[in-house]
file run-v6.pdb (PDB, C-alpha atoms and all ligand atoms)
ATOM      1  CA  MET A   6       0.000   0.000   0.000  1.00  0.00           C
ATOM      2  CA  ALA A   7       1.136   3.561  -0.580  1.00  0.00           C
ATOM      3  CA  PRO A   8       2.779   5.463   2.303  1.00  0.00           C
ATOM      4  CA  GLY A   9      -0.518   7.224   2.840  1.00  0.00           C
ATOM      5  CA  GLY A  10      -2.535   4.035   2.581  1.00  0.00           C
ATOM      6  CA  GLN A  11      -5.483   3.501   4.833  1.00  0.00           C
ATOM      7  CA  CYS A  12      -6.571   0.412   6.624  1.00  0.00           C
ATOM      8  CA  THR A  13     -10.144  -0.239   5.785  1.00  0.00           C
ATOM      9  CA  PRO A  14     -12.257  -0.105   8.921  1.00  0.00           C
ATOM     10  CA  ARG A  15     -14.105  -3.333   9.561  1.00  0.00           C
ATOM     11  CA  PRO A  16     -17.129  -3.903  11.745  1.00  0.00           C
ATOM     12  CA  ARG A  17     -16.148  -4.670  15.282  1.00  0.00           C
ATOM     13  CA  PRO A  18     -16.419  -8.388  15.944  1.00  0.00           C
ATOM     14  CA  ALA A  19     -18.365 -10.050  18.664  1.00  0.00           C
ATOM     15  CA  ALA A  20     -16.608 -10.364  21.997  1.00  0.00           C
ATOM     16  CA  GLU A  21     -16.087 -14.104  21.428  1.00  0.00           C
ATOM     17  CA  ALA A  22     -14.103 -13.410  18.302  1.00  0.00           C
ATOM     18  CA  ILE A  23     -11.583 -11.166  19.977  1.00  0.00           C
ATOM     19  CA  GLN A  24     -10.798 -13.437  22.879  1.00  0.00           C
ATOM     20  CA  GLY A  25      -8.393 -15.422  20.746  1.00  0.00           C
ATOM     21  CA  TRP A  26      -6.315 -12.270  20.085  1.00  0.00           C
ATOM     22  CA  GLY A  27      -4.472 -13.075  23.251  1.00  0.00           C
ATOM     23  CA  LEU A  28      -5.665 -11.807  26.585  1.00  0.00           C
ATOM     24  CA  SER A  29      -2.967 -13.887  28.196  1.00  0.00           C
ATOM     25  CA  ARG A  30      -0.759 -12.045  30.640  1.00  0.00           C
ATOM     26  CA  ARG A  31       1.810 -14.799  30.481  1.00  0.00           C
ATOM     27  CA  ARG A  32       4.295 -14.758  27.637  1.00  0.00           C
ATOM     28  CA  GLY A  33       3.776 -17.745  25.377  1.00  0.00           C
ATOM     29  CA  ALA A  34       0.585 -18.908  27.068  1.00  0.00           C
ATOM     30  CA  GLU A  35      -2.555 -19.764  25.134  1.00  0.00           C
ATOM     31  CA  ALA A  36      -5.431 -17.364  25.597  1.00  0.00           C
ATOM     32  CA  ALA A  37      -8.251 -19.186  27.337  1.00  0.00           C
ATOM     33  CA  PRO A  38     -11.898 -18.156  27.110  1.00  0.00           C
ATOM     34  CA  PRO A  39     -12.822 -16.282  30.259  1.00  0.00           C
ATOM     35  CA  ALA A  40     -15.156 -17.817  32.785  1.00  0.00           C
ATOM     36  CA  PRO A  41     -18.662 -16.300  32.683  1.00  0.00           C
ATOM     37  CA  GLN A  42     -18.982 -13.393  35.081  1.00  0.00           C
ATOM     38  CA  PRO A  43     -22.358 -12.205  36.244  1.00  0.00           C
ATOM     39  CA  ASP A  44     -21.296  -8.626  36.792  1.00  0.00           C
ATOM     40  CA  ARG A  45     -19.430  -7.721  33.651  1.00  0.00           C
ATOM     41  CA  PRO A  46     -19.460  -3.972  33.038  1.00  0.00           C
ATOM     42  CA  ALA A  47     -20.230  -2.679  29.555  1.00  0.00           C
ATOM     43  CA  ASP A  48     -17.357  -1.216  27.575  1.00  0.00           C
ATOM     44  CA  LEU A  49     -17.630   1.700  25.156  1.00  0.00           C
ATOM     45  CA  ASP A  50     -19.037  -0.565  22.529  1.00  0.00           C
ATOM     46  CA  GLY A  51     -21.825  -1.853  24.689  1.00  0.00           C
ATOM     47  CA  ARG A  52     -20.131  -5.227  24.891  1.00  0.00           C
ATOM     48  CA  THR A  53     -18.599  -6.747  27.957  1.00  0.00           C
ATOM     49  CA  VAL A  54     -15.188  -6.298  29.443  1.00  0.00           C
ATOM     50  CA  ILE A  55     -13.570  -9.505  30.536  1.00  0.00           C
ATOM     51  CA  ARG A  56     -13.034  -9.510  34.264  1.00  0.00           C
ATOM     52  CA  SER A  57     -11.065 -12.663  34.839  1.00  0.00           C
ATOM     53  CA  ASP A  58      -7.509 -13.593  33.973  1.00  0.00           C
ATOM     54  CA  ASP A  59      -6.410 -16.672  32.041  1.00  0.00           C
ATOM     55  CA  GLU A  60      -7.044 -18.908  35.005  1.00  0.00           C
ATOM     56  CA  GLY A  61     -10.508 -17.548  35.626  1.00  0.00           C
ATOM     57  CA  GLN A  62      -9.450 -15.588  38.691  1.00  0.00           C
ATOM     58  CA  ALA A  63     -11.226 -12.320  39.363  1.00  0.00           C
ATOM     59  CA  LEU A  64      -9.321  -9.167  38.454  1.00  0.00           C
ATOM     60  CA  SER A  65      -9.176  -6.071  40.583  1.00  0.00           C
ATOM     61  CA  GLU A  66     -10.875  -2.951  39.233  1.00  0.00           C
ATOM     62  CA  ALA A  67      -7.493  -1.560  38.190  1.00  0.00           C
ATOM     63  CA  GLU A  68      -6.612  -4.777  36.378  1.00  0.00           C
ATOM     64  CA  ALA A  69     -10.026  -4.914  34.739  1.00  0.00           C
ATOM     65  CA  ALA A  70      -9.621  -1.318  33.579  1.00  0.00           C
ATOM     66  CA  SER A  71      -6.211  -2.168  32.173  1.00  0.00           C
ATOM     67  CA  VAL A  72      -7.615  -5.192  30.335  1.00  0.00           C
ATOM     68  CA  GLY A  73     -10.435  -3.031  28.989  1.00  0.00           C
ATOM     69  CA  LYS A  74      -7.951  -0.482  27.714  1.00  0.00           C
ATOM     70  CA  ARG A  75      -5.873  -3.136  26.026  1.00  0.00           C
ATOM     71  CA  LEU A  76      -9.020  -4.694  24.635  1.00  0.00           C
ATOM     72  CA  GLY A  77     -10.006  -1.355  23.115  1.00  0.00           C
ATOM     73  CA  GLU A  78      -6.594  -0.973  21.555  1.00  0.00           C
ATOM     74  CA  ARG A  79      -6.914  -4.386  20.042  1.00  0.00           C
ATOM     75  CA  LEU A  80     -10.360  -3.617  18.730  1.00  0.00           C
ATOM     76  CA  LEU A  81      -8.987  -0.550  17.044  1.00  0.00           C
ATOM     77  CA  SER A  82      -6.249  -2.524  15.369  1.00  0.00           C
ATOM     78  CA  LEU A  83      -8.307  -5.604  14.644  1.00  0.00           C
ATOM     79  CA  GLY A  84      -8.850  -4.599  11.028  1.00  0.00           C
ATOM     80  CA  ALA A  85      -5.134  -5.034  10.510  1.00  0.00           C
ATOM     81  CA  ARG A  86      -4.824  -8.226  12.508  1.00  0.00           C
ATOM     82  CA  GLU A  87      -5.152 -10.680   9.634  1.00  0.00           C
ATOM     83  CA  ILE A  88      -2.681  -8.678   7.562  1.00  0.00           C
ATOM     84  CA  LEU A  89      -0.208  -8.650  10.432  1.00  0.00           C
ATOM     85  CA  GLU A  90      -0.492 -12.391  10.936  1.00  0.00           C
ATOM     86  CA  ARG A  91       0.089 -12.946   7.229  1.00  0.00           C
ATOM     87  CA  ILE A  92       3.155 -10.703   7.291  1.00  0.00           C
ATOM     88  CA  LEU A  93       4.551 -12.549  10.308  1.00  0.00           C
ATOM     89  CA  ALA A  94       3.992 -15.882   8.567  1.00  0.00           C
ATOM     90  CA  GLU A  95       5.700 -14.643   5.410  1.00  0.00           C
ATOM     91  CA  HIS A  96       8.781 -13.630   7.408  1.00  0.00           C
ATOM     92  CA  ALA A  97       8.947 -16.750   9.564  1.00  0.00           C
ATOM     93  CA  GLY A  98      12.446 -18.203   9.552  1.00  0.00           C
ATOM     94  CA  MET A  99      14.013 -15.122   7.993  1.00  0.00           C
ATOM     95  CA  GLU A 100      17.262 -13.866   9.502  1.00  0.00           C
ATOM     96  CA  GLY A 101      16.947 -10.356  10.884  1.00  0.00           C
ATOM     97  CA  PRO A 102      13.225 -10.109  10.185  1.00  0.00           C
ATOM     98  CA  LEU A 103      12.352  -7.108  12.368  1.00  0.00           C
ATOM     99  CA  LEU A 104      12.941  -4.280   9.896  1.00  0.00           C
ATOM    100  CA  PRO A 105      11.378  -6.104   6.935  1.00  0.00           C
ATOM    101  CA  ILE A 106       8.326  -6.859   9.092  1.00  0.00           C
ATOM    102  CA  LEU A 107       8.033  -3.243  10.237  1.00  0.00           C
ATOM    103  CA  HIS A 108       8.288  -2.003   6.652  1.00  0.00           C
ATOM    104  CA  ALA A 109       5.706  -4.516   5.504  1.00  0.00           C
ATOM    105  CA  VAL A 110       3.286  -3.540   8.278  1.00  0.00           C
ATOM    106  CA  GLN A 111       3.598   0.157   7.556  1.00  0.00           C
ATOM    107  CA  ASP A 112       3.225  -0.422   3.825  1.00  0.00           C
ATOM    108  CA  ALA A 113       0.109  -2.483   4.464  1.00  0.00           C
ATOM    109  CA  VAL A 114      -1.711  -0.501   7.143  1.00  0.00           C
ATOM    110  CA  GLY A 115      -0.022   2.904   7.139  1.00  0.00           C
ATOM    111  CA  HIS A 116       1.415   2.854  10.663  1.00  0.00           C
ATOM    112  CA  ILE A 117       2.756   0.655  13.450  1.00  0.00           C
ATOM    113  CA  SER A 118       0.606   0.825  16.571  1.00  0.00           C
ATOM    114  CA  ALA A 119       1.371  -0.304  20.114  1.00  0.00           C
ATOM    115  CA  ALA A 120      -0.736  -3.402  19.428  1.00  0.00           C
ATOM    116  CA  HIS A 121       1.390  -4.197  16.370  1.00  0.00           C
ATOM    117  CA  VAL A 122       4.542  -3.748  18.465  1.00  0.00           C
ATOM    118  CA  ALA A 123       3.236  -6.153  21.104  1.00  0.00           C
ATOM    119  CA  ARG A 124       2.346  -8.847  18.580  1.00  0.00           C
ATOM    120  CA  ILE A 125       5.594  -8.489  16.635  1.00  0.00           C
ATOM    121  CA  ALA A 126       7.617  -8.645  19.864  1.00  0.00           C
ATOM    122  CA  LYS A 127       5.856 -11.840  20.867  1.00  0.00           C
ATOM    123  CA  ALA A 128       6.357 -13.422  17.452  1.00  0.00           C
ATOM    124  CA  LEU A 129      10.080 -12.599  17.407  1.00  0.00           C
ATOM    125  CA  ASN A 130      10.648 -13.366  21.096  1.00  0.00           C
ATOM    126  CA  LEU A 131      11.773  -9.803  21.746  1.00  0.00           C
ATOM    127  CA  SER A 132      10.611  -7.365  24.392  1.00  0.00           C
ATOM    128  CA  ARG A 133       8.120  -4.658  23.471  1.00  0.00           C
ATOM    129  CA  ALA A 134      10.777  -2.098  24.446  1.00  0.00           C
ATOM    130  CA  GLU A 135      13.181  -3.559  21.894  1.00  0.00           C
ATOM    131  CA  VAL A 136      10.656  -3.374  19.070  1.00  0.00           C
ATOM    132  CA  HIS A 137       9.386   0.037  20.147  1.00  0.00           C
ATOM    133  CA  GLY A 138      13.007   1.271  20.280  1.00  0.00           C
ATOM    134  CA  VAL A 139      13.490   0.399  16.619  1.00  0.00           C
ATOM    135  CA  VAL A 140      10.138   1.906  15.590  1.00  0.00           C
ATOM    136  CA  SER A 141      10.851   5.165  17.382  1.00  0.00           C
ATOM    137  CA  PHE A 142      14.480   5.363  16.192  1.00  0.00           C
ATOM    138  CA  TYR A 143      13.560   5.544  12.523  1.00  0.00           C
ATOM    139  CA  HIS A 144      11.496   8.612  11.637  1.00  0.00           C
ATOM    140  CA  TYR A 145      10.150   6.738   8.651  1.00  0.00           C
ATOM    141  CA  PHE A 146       7.985   4.581  10.879  1.00  0.00           C
ATOM    142  CA  ARG A 147       4.669   6.115  11.930  1.00  0.00           C
ATOM    143  CA  GLN A 148       3.174   5.225  15.288  1.00  0.00           C
ATOM    144  CA  HIS A 149      -0.211   6.754  14.545  1.00  0.00           C
ATOM    145  CA  GLU A 150      -2.632   6.366  11.709  1.00  0.00           C
ATOM    146  CA  PRO A 151      -1.872   8.981   9.029  1.00  0.00           C
ATOM    147  CA  GLY A 152      -4.303  11.295   7.283  1.00  0.00           C
ATOM    148  CA  ARG A 153      -5.882  10.337   3.979  1.00  0.00           C
ATOM    149  CA  HIS A 154      -2.819  11.575   2.090  1.00  0.00           C
ATOM    150  CA  VAL A 155       0.834  11.831   3.135  1.00  0.00           C
ATOM    151  CA  VAL A 156       2.745  14.913   1.988  1.00  0.00           C
ATOM    152  CA  HIS A 157       6.514  14.443   1.899  1.00  0.00           C
ATOM    153  CA  VAL A 158       8.530  17.658   1.627  1.00  0.00           C
ATOM    154  CA  CYS A 159      12.175  17.193   0.695  1.00  0.00           C
ATOM    155  CA  ARG A 160      14.604  18.865   3.105  1.00  0.00           C
ATOM    156  CA  ALA A 161      17.878  17.661   1.588  1.00  0.00           C
ATOM    157  CA  GLU A 162      20.606  19.886   0.142  1.00  0.00           C
ATOM    158  CA  ALA A 163      19.543  20.294  -3.479  1.00  0.00           C
ATOM    159  CA  CYS A 164      16.014  21.255  -2.507  1.00  0.00           C
ATOM    160  CA  GLN A 165      17.248  23.585   0.205  1.00  0.00           C
ATOM    161  CA  ALA A 166      19.528  25.277  -2.321  1.00  0.00           C
ATOM    162  CA  MET A 167      16.513  25.966  -4.545  1.00  0.00           C
ATOM    163  CA  ARG A 168      14.532  27.778  -1.852  1.00  0.00           C
ATOM    164  CA  GLY A 169      12.942  24.628  -0.549  1.00  0.00           C
ATOM    165  CA  GLU A 170      12.666  26.282   2.866  1.00  0.00           C
ATOM    166  CA  GLN A 171       9.942  28.530   1.477  1.00  0.00           C
ATOM    167  CA  THR A 172       8.013  25.518   0.252  1.00  0.00           C
ATOM    168  CA  GLU A 173       8.457  23.825   3.614  1.00  0.00           C
ATOM    169  CA  LEU A 174       7.226  26.881   5.456  1.00  0.00           C
ATOM    170  CA  HIS A 175       4.191  27.129   3.246  1.00  0.00           C
ATOM    171  CA  ALA A 176       3.346  23.442   3.736  1.00  0.00           C
ATOM    172  CA  ARG A 177       3.499  23.808   7.520  1.00  0.00           C
ATOM    173  CA  ARG A 178       1.425  26.972   7.508  1.00  0.00           C
ATOM    174  CA  GLU A 179      -1.229  25.765   5.104  1.00  0.00           C
ATOM    175  CA  LEU A 180      -1.677  22.412   6.820  1.00  0.00           C
ATOM    176  CA  GLY A 181      -1.373  23.954  10.275  1.00  0.00           C
ATOM    177  CA  VAL A 182       0.978  21.244  11.527  1.00  0.00           C
ATOM    178  CA  ASP A 183       4.656  20.496  11.905  1.00  0.00           C
ATOM    179  CA  TYR A 184       6.349  17.374  10.596  1.00  0.00           C
ATOM    180  CA  GLY A 185       4.642  14.238  11.787  1.00  0.00           C
ATOM    181  CA  GLY A 186       1.330  16.039  12.283  1.00  0.00           C
ATOM    182  CA  THR A 187      -2.002  15.589  10.532  1.00  0.00           C
ATOM    183  CA  SER A 188      -4.145  18.504   9.393  1.00  0.00           C
ATOM    184  CA  ALA A 189      -7.285  19.174  11.426  1.00  0.00           C
ATOM    185  CA  ASP A 190      -9.507  17.911   8.601  1.00  0.00           C
ATOM    186  CA  GLY A 191      -7.646  14.587   8.631  1.00  0.00           C
ATOM    187  CA  LEU A 192      -6.731  14.906   4.968  1.00  0.00           C
ATOM    188  CA  PHE A 193      -2.968  15.402   5.075  1.00  0.00           C
ATOM    189  CA  THR A 194      -0.090  14.133   7.182  1.00  0.00           C
ATOM    190  CA  LEU A 195       3.093  16.162   6.710  1.00  0.00           C
ATOM    191  CA  GLU A 196       6.405  14.344   6.684  1.00  0.00           C
ATOM    192  CA  ALA A 197       9.986  15.319   5.922  1.00  0.00           C
ATOM    193  CA  ALA A 198      12.003  13.483   3.287  1.00  0.00           C
ATOM    194  CA  TYR A 199      15.726  13.587   2.695  1.00  0.00           C
ATOM    195  CA  CYS A 200      16.066  13.385  -1.082  1.00  0.00           C
ATOM    196  CA  LEU A 201      13.259  12.023  -3.160  1.00  0.00           C
ATOM    197  CA  GLY A 202      15.558  11.372  -6.116  1.00  0.00           C
ATOM    198  CA  ASN A 203      14.280  14.367  -8.019  1.00  0.00           C
ATOM    199  CA  CYS A 204      17.113  16.828  -7.322  1.00  0.00           C
ATOM    200  CA  ALA A 205      17.214  18.142 -10.903  1.00  0.00           C
ATOM    201  CA  ALA A 206      13.718  19.544 -10.438  1.00  0.00           C
ATOM    202  CA  ALA A 207      14.121  20.796  -6.865  1.00  0.00           C
ATOM    203  CA  PRO A 208      12.381  21.695  -4.669  1.00  0.00           C
ATOM    204  CA  THR A 209      10.465  18.463  -4.566  1.00  0.00           C
ATOM    205  CA  VAL A 210       7.265  17.390  -2.849  1.00  0.00           C
ATOM    206  CA  MET A 211       5.612  13.981  -2.982  1.00  0.00           C
ATOM    207  CA  ILE A 212       1.957  13.357  -2.143  1.00  0.00           C
ATOM    208  CA  ASP A 213       1.240   9.700  -1.592  1.00  0.00           C
ATOM    209  CA  GLU A 214       3.260   8.314  -4.519  1.00  0.00           C
ATOM    210  CA  LYS A 215       2.962  11.270  -6.907  1.00  0.00           C
ATOM    211  CA  LEU A 216       6.099  13.345  -7.302  1.00  0.00           C
ATOM    212  CA  TYR A 217       6.075  17.098  -7.982  1.00  0.00           C
ATOM    213  CA  GLY A 218       9.132  19.124  -9.018  1.00  0.00           C
ATOM    214  CA  ARG A 219       9.910  22.854  -8.892  1.00  0.00           C
ATOM    215  CA  VAL A 220       7.330  23.306  -6.173  1.00  0.00           C
ATOM    216  CA  THR A 221       7.108  26.953  -5.197  1.00  0.00           C
ATOM    217  CA  PRO A 222       4.799  27.971  -2.333  1.00  0.00           C
ATOM    218  CA  GLU A 223       2.199  29.112  -4.888  1.00  0.00           C
ATOM    219  CA  ARG A 224       2.388  25.853  -6.765  1.00  0.00           C
ATOM    220  CA  LEU A 225       2.112  23.860  -3.552  1.00  0.00           C
ATOM    221  CA  ALA A 226      -1.076  25.741  -2.661  1.00  0.00           C
ATOM    222  CA  ALA A 227      -2.566  24.761  -6.026  1.00  0.00           C
ATOM    223  CA  ILE A 228      -1.453  21.142  -5.662  1.00  0.00           C
ATOM    224  CA  LEU A 229      -2.959  20.823  -2.192  1.00  0.00           C
ATOM    225  CA  ALA A 230      -6.219  22.374  -3.416  1.00  0.00           C
ATOM    226  CA  GLU A 231      -6.343  19.786  -6.168  1.00  0.00           C
ATOM    227  CA  TRP A 232      -5.840  16.943  -3.667  1.00  0.00           C
ATOM    228  CA  ARG A 233      -8.496  18.359  -1.369  1.00  0.00           C
ATOM    229  CA  ASN A 234     -11.025  18.115  -4.178  1.00  0.00           C
ATOM    230  CA  ARG A 235     -10.300  14.519  -5.082  1.00  0.00           C
TER     231      ARG A 235
HETATM  232  S1  LIG A 301      17.506  16.832  -2.568  1.00  0.00           S
HETATM  233 FE1  LIG A 301      15.382  17.024  -2.795  1.00  0.00          FE
HETATM  234  S2  LIG A 301      14.948  15.549  -4.315  1.00  0.00           S
HETATM  235 FE2  LIG A 301      17.044  15.308  -3.975  1.00  0.00          FE
END

call {"tool": "encode", "arguments": {"input": "run-v6.pdb", "output": "structure tokens", "more": "lines below"}}
Ligand code: FES
result
Amino acid sequence: MAPGGQCTPRPRPAAEAIQGWGLSRRRGAEAAPPAPQPDRPADLDGRTVIRSDDEGQALSEAEAASVGKRLGERLLSLGAREILERILAEHAGMEGPLLPILHAVQDAVGHISAAHVARIAKALNLSRAEVHGVVSFYHYFRQHEPGRHVVHVCRAEACQAMRGEQTELHARRELGVDYGGTSADGLFTLEAAYCLGNCAAAPTVMIDEKLYGRVTPERLAAILAEWRNR
């Protein structure tokens, strides 16, 4: 999928369907269906929050709240779950699979969430901190879902030499965000690039996968208007 690709929202599944996503608190343990609880509170979706651990023992309110929070995170990322499992299967047995997996996940769903990090860490027998450290080290990896389109503005030397700073400034002002941010209307995420391979026609901007050369502030305004109307 393109850098600005979207994961298609899917209907939230029934509570039974998400139990297999791993409510286990023990590394490597199978997730067991929770024992029926008569006093299950409703979560935001009107469904029930599981209030027992893997062994059917009652959780404290704090633990239940934590489970509910994690459950919500998983619900949010559930649309990408099948894709993630397929990616993990495709990279099984590969040497040094972490970066290829992270690239594949971002290409497929547009970002790498905390839920992705947890599942990848488990699959590779790494800690979440180790996987998160790699995700946060590389600016390329997004930790939040991007806007509908991703605007890359080149900040490398050739573009800077051709007044690329003016283009950058205009992009930040018009979208109302700094690098890494998404415009209030959710249409554009602004990201920096360091050479888009179009130095001869600097300054360069790329929106999703479409490259634009000799992008003055005025031209960028026209390009963004065109993308808004798509
Ligand atoms: S420096 Fe901007 S495209 Fe190469």

call {"tool": "residues_near_ligand", "arguments": {"input": "run-v6.pdb", "ligand": "ligand LIG 301 (chain A)", "cutoff": "12 Å", "atoms": "only C-alpha atoms and all ligand atoms", "output": "number ranges by chain"}}
result
A: 157-170, 172-173, 197-211, 216-220

call {"tool": "closest_residue", "arguments": {"input": "run-v6.pdb", "among": "A:Met99, A:Val156, A:Leu89, A:Ala189", "to": "Ala123 of chain A", "atoms": "only C-alpha atoms"}}
result
A:Leu89

call {"tool": "closest_residue", "arguments": {"input": "run-v6.pdb", "among": "A:Lys215, A:Arg178, A:Arg233, A:His154", "to": "Gly115 of chain A", "atoms": "all atoms listed in the file"}}
result
A:His154

call {"tool": "residues_near_point", "arguments": {"input": "run-v6.pdb", "point": "(9.7, 1.9, 11.9)", "cutoff": "9 Å", "atoms": "all atoms listed in the file", "output": "JSON, numbers by chain"}}
result
{"A": [104, 107, 108, 111, 116, 117, 136, 137, 139, 140, 141, 142, 143, 144, 145, 146, 147, 148]}

call {"tool": "residues_near_point", "arguments": {"input": "run-v6.pdb", "point": "(4.1, -12.1, 17.9)", "cutoff": "12 Å", "atoms": "only C-alpha atoms", "output": "number ranges by chain"}}
result
A: 26-27, 32-34, 86, 89-94, 96-97, 103, 106, 120-133, 136

call {"tool": "atom_distance", "arguments": {"input": "run-v6.pdb", "atom1": "atom CA of Arg153 of chain A", "atom2": "atom CA of Thr194 of chain A"}}
result
7.6 Å

call {"tool": "closest_residue", "arguments": {"input": "run-v6.pdb", "among": "A:Gly152, A:Gly98, A:Pro105, A:Gly138", "to": "Gly191 of chain A", "atoms": "all atoms listed in the file"}}
result
A:Gly152

call {"tool": "axis_aligned_box", "arguments": {"input": "run-v6.pdb", "around": "segment 86-105 of chain A", "padding_each_side": "8 Å", "output": "JSON"}}
result
{"center_x": 6.1, "center_y": -11.2, "center_z": 9.0, "size_x": 38.4, "size_y": 29.9, "size_z": 23.1}

call {"tool": "atom_distance", "arguments": {"input": "run-v6.pdb", "atom1": "atom CA of Glu231 of chain A", "atom2": "atom CA of Leu195 of chain A"}}
result
16.4 Å

call {"tool": "atom_distance", "arguments": {"input": "run-v6.pdb", "atom1": "atom CA of Trp232 of chain A", "atom2": "atom CA of Leu192 of chain A"}}
result
8.9 Å
